[in-house]
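Chemist: Got a structure here, written out as structure tokens. Questions coming.
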Amino acid sequence: MGATIVVAGTKVLGHAFAMRDTFDLEARSRLFDPASQYVGPSRLDEFTAADWNLLAAQRPPYQAALQAGQALRLLASSKDDPSFGYHVNNYRHCVQAATLALADGRGDDYVAAALLHDIGFIACPTSHGRFAAQLLAPYVDERIVWIVERHAEFQAHHYNEHPSADRRARERWRGHPHFEAAAEFVQRYDQCTVDAEAKEAKLSTFEPILQRVFARAPRALPPLP
Ligand SMILES: [Fe+2]
Ligand SMILES: [Fe+2]
């Protein structure tokens, strides 16, 4: 194992990170599949066509195997977060919604959406619906993506005494093919799953469901405008 010379250090969020000035082969992250290979260079502008082809071949099985666990770990990272006022934190709300969807016999796409619909609150609260929709979009049907992306607009319908929310926000979608499905999702699984007494399945219950969803070949999303 080659020596690593620390030439500088920095602090991010209280953690010290060492910076290296040597390339240490043993410092590379382990490969997902021991039978796979590393690219040659250590910077993208030096990659050859063979390096790019290697990555293109090795990426799909990696994502299919790891993405479900990564999404679950992201959600699990908020398990012990406090609540800012609701009876349950966002993690428990997500689990309650998915538990209810599963008990209702909903399919994989729907249960995955229920579990992940508010995952964006962990790191992207101001557009949390879009965050979750983008996460799911390559893998689930377009109706589910539509519901997840707009669920906050539909939820406002239930804010009966909210001092400023527009309870009629969802009306701009009245007549849309997915209007009723979005209204049902929010009414049945979202606005009522902030209950400290509600059933909560173990997170591991949903692992095989997410594994099936994220193991699908991802659809390409339209390019940014
Ligand atoms: Fe939400
Ligand atoms: Fe929610």
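In the structure tokens, each chain is lettered A, B, ... as it comes, each chain's residues begin at 1, and ligands are numbered from 1 in order of appearance.
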Report as a VMD selection string: the residues of stretch 5-225 of chain A with a DSSP assignment of helix (DSSP H, G or I), based on the backbone of this structure.
Modeler: chain A and resid 25 to 27 44 to 46 49 to 76 90 to 103 108 to 116 119 to 122 125 to 136 142 to 158 169 to 173 179 to 190 203 to 214
Chemist: Got a sec to check which residues lie within 12 Å of ligand 2, using only C-alpha atoms and all ligand atoms, and send them as number ranges by chain?
Modeler: A: 86, 88-98, 113-121, 125, 128-129, 132, 147-156, 185-194
Chemist: How would the residues just picked look written out with C-alpha atoms as a JSON list (two decimals), in the first residue's frame?
Modeler:
[["chain", "number", "residue", "atom", "x", "y", "z"],
["A", 86, "TYR", "CA", -46.89, 17.10, 14.19],
["A", 88, "VAL", "CA", -45.09, 12.06, 14.35],
["A", 89, "ASN", "CA", -41.97, 12.99, 12.40],
["A", 90, "ASN", "CA", -41.75, 12.84, 8.63],
["A", 91, "TYR", "CA", -40.22, 9.35, 8.69],
["A", 92, "ARG", "CA", -43.17, 7.90, 10.60],
["A", 93, "HIS", "CA", -45.61, 9.75, 8.35],
["A", 94, "CYS", "CA", -44.01, 8.12, 5.30],
["A", 95, "VAL", "CA", -44.06, 4.68, 6.90],
["A", 96, "GLN", "CA", -47.69, 5.08, 7.98],
["A", 97, "ALA", "CA", -48.73, 6.06, 4.46],
["A", 98, "ALA", "CA", -46.94, 3.05, 2.97],
["A", 113, "ALA", "CA", -44.79, 6.21, -3.91],
["A", 114, "ALA", "CA", -46.54, 6.28, -0.55],
["A", 115, "LEU", "CA", -43.28, 5.46, 1.22],
["A", 116, "LEU", "CA", -41.16, 7.98, -0.68],
["A", 117, "HIS", "CA", -43.64, 10.79, -1.41],
["A", 118, "ASP", "CA", -42.16, 13.01, 1.33],
["A", 119, "ILE", "CA", -38.55, 11.82, 1.24],
["A", 120, "GLY", "CA", -37.64, 15.22, -0.16],
["A", 121, "PHE", "CA", -38.41, 16.81, 3.18],
["A", 125, "PRO", "CA", -38.25, 20.71, 1.75],
["A", 128, "HIS", "CA", -40.28, 17.99, -1.83],
["A", 129, "GLY", "CA", -42.96, 16.67, -4.19],
["A", 132, "ALA", "CA", -39.79, 12.45, -4.95],
["A", 147, "ILE", "CA", -49.71, 12.23, -8.13],
["A", 148, "VAL", "CA", -46.44, 12.48, -6.22],
["A", 149, "GLU", "CA", -45.33, 15.65, -7.95],
["A", 150, "ARG", "CA", -48.57, 17.49, -7.19],
["A", 151, "HIS", "CA", -49.64, 15.92, -3.92],
["A", 152, "ALA", "CA", -49.01, 19.10, -1.90],
["A", 153, "GLU", "CA", -51.42, 21.04, -4.10],
["A", 154, "PHE", "CA", -54.08, 18.41, -3.54],
["A", 155, "GLN", "CA", -53.35, 18.20, 0.16],
["A", 156, "ALA", "CA", -54.24, 21.86, 0.64],
["A", 185, "PHE", "CA", -54.03, 9.45, -2.55],
["A", 186, "VAL", "CA", -53.99, 12.53, -0.39],
["A", 187, "GLN", "CA", -57.32, 11.84, 1.27],
["A", 188, "ARG", "CA", -56.66, 8.19, 2.03],
["A", 189, "TYR", "CA", -52.88, 8.02, 2.61],
["A", 190, "ASP", "CA", -51.43, 11.48, 3.20],
["A", 191, "GLN", "CA", -53.58, 13.89, 5.18],
["A", 192, "CYS", "CA", -54.47, 11.27, 7.81],
["A", 193, "THR", "CA", -51.07, 9.63, 8.43],
["A", 194, "VAL", "CA", -49.72, 11.98, 11.08]]
Chemist: Return the single residue from A:Arg130, A:Arg168, A:His162, A:Arg143 that is closest to ligand 1, with distances computed using only C-alpha atoms and all ligand atoms.
Modeler: A:Arg130
Chemist: For A:Ala112, which residue among A:Thr126, A:Leu72, A:Pro163, A:His158 is the nearest when counting only C-alpha atoms?
Modeler: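 With only C-alpha atoms as the atom set, the closest residue is A:Leu72.
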Chemist: Tell me which protein, DNA and RNA residues are within 12 Å of A:Ala49, counting only C-alpha atoms, leaving out same-chain ones fewer than 6 positions away, and put them as a list in words.
Modeler: Val39, Gly40, Pro41, Leu55 and Ala56 of chain A
Chemist: Quick one: write out the picked residues with N, CA and C atoms as a short mmCIF file (atom, residue, chain, number, x, y, z; two decimals), in the first residue's frame?
Modeler:
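In the end it all went to result-v9.cif:
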data_model
loop_
_atom_site.label_atom_id
_atom_site.label_comp_id
_atom_site.auth_asym_id
_atom_site.auth_seq_id
_atom_site.Cartn_x
_atom_site.Cartn_y
_atom_site.Cartn_z
N VAL A 39 -11.87 2.25 -14.20
CA VAL A 39 -11.38 2.98 -15.37
C VAL A 39 -9.89 3.26 -15.16
N GLY A 40 -9.21 3.62 -16.23
CA GLY A 40 -7.78 3.86 -16.11
C GLY A 40 -7.45 5.18 -15.42
N PRO A 41 -7.78 6.32 -16.04
CA PRO A 41 -7.36 7.61 -15.48
C PRO A 41 -8.18 8.01 -14.26
N LEU A 55 -17.77 1.94 -18.08
CA LEU A 55 -18.73 2.50 -17.12
C LEU A 55 -20.17 2.23 -17.56
N ALA A 56 -20.42 2.38 -18.86
CA ALA A 56 -21.78 2.16 -19.37
C ALA A 56 -22.23 0.72 -19.13
#
Chemist: Looking at A:Tyr110, A:Tyr139, A:Trp173, A:Phe131, which one is nearest to ligand 1, with distances taken over only C-alpha atoms and all ligand atoms?
Modeler: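 So, comparing all the options, the nearest one is A:Phe131.
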Chemist: Which residue, A:Ser127, A:Gln134, A:Pro222, A:Arg216, has the smallest gap to ligand 1 when you use only C-alpha atoms and all ligand atoms?
Modeler: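 Result for the nearest residue to ligand 1: A:Ser127.
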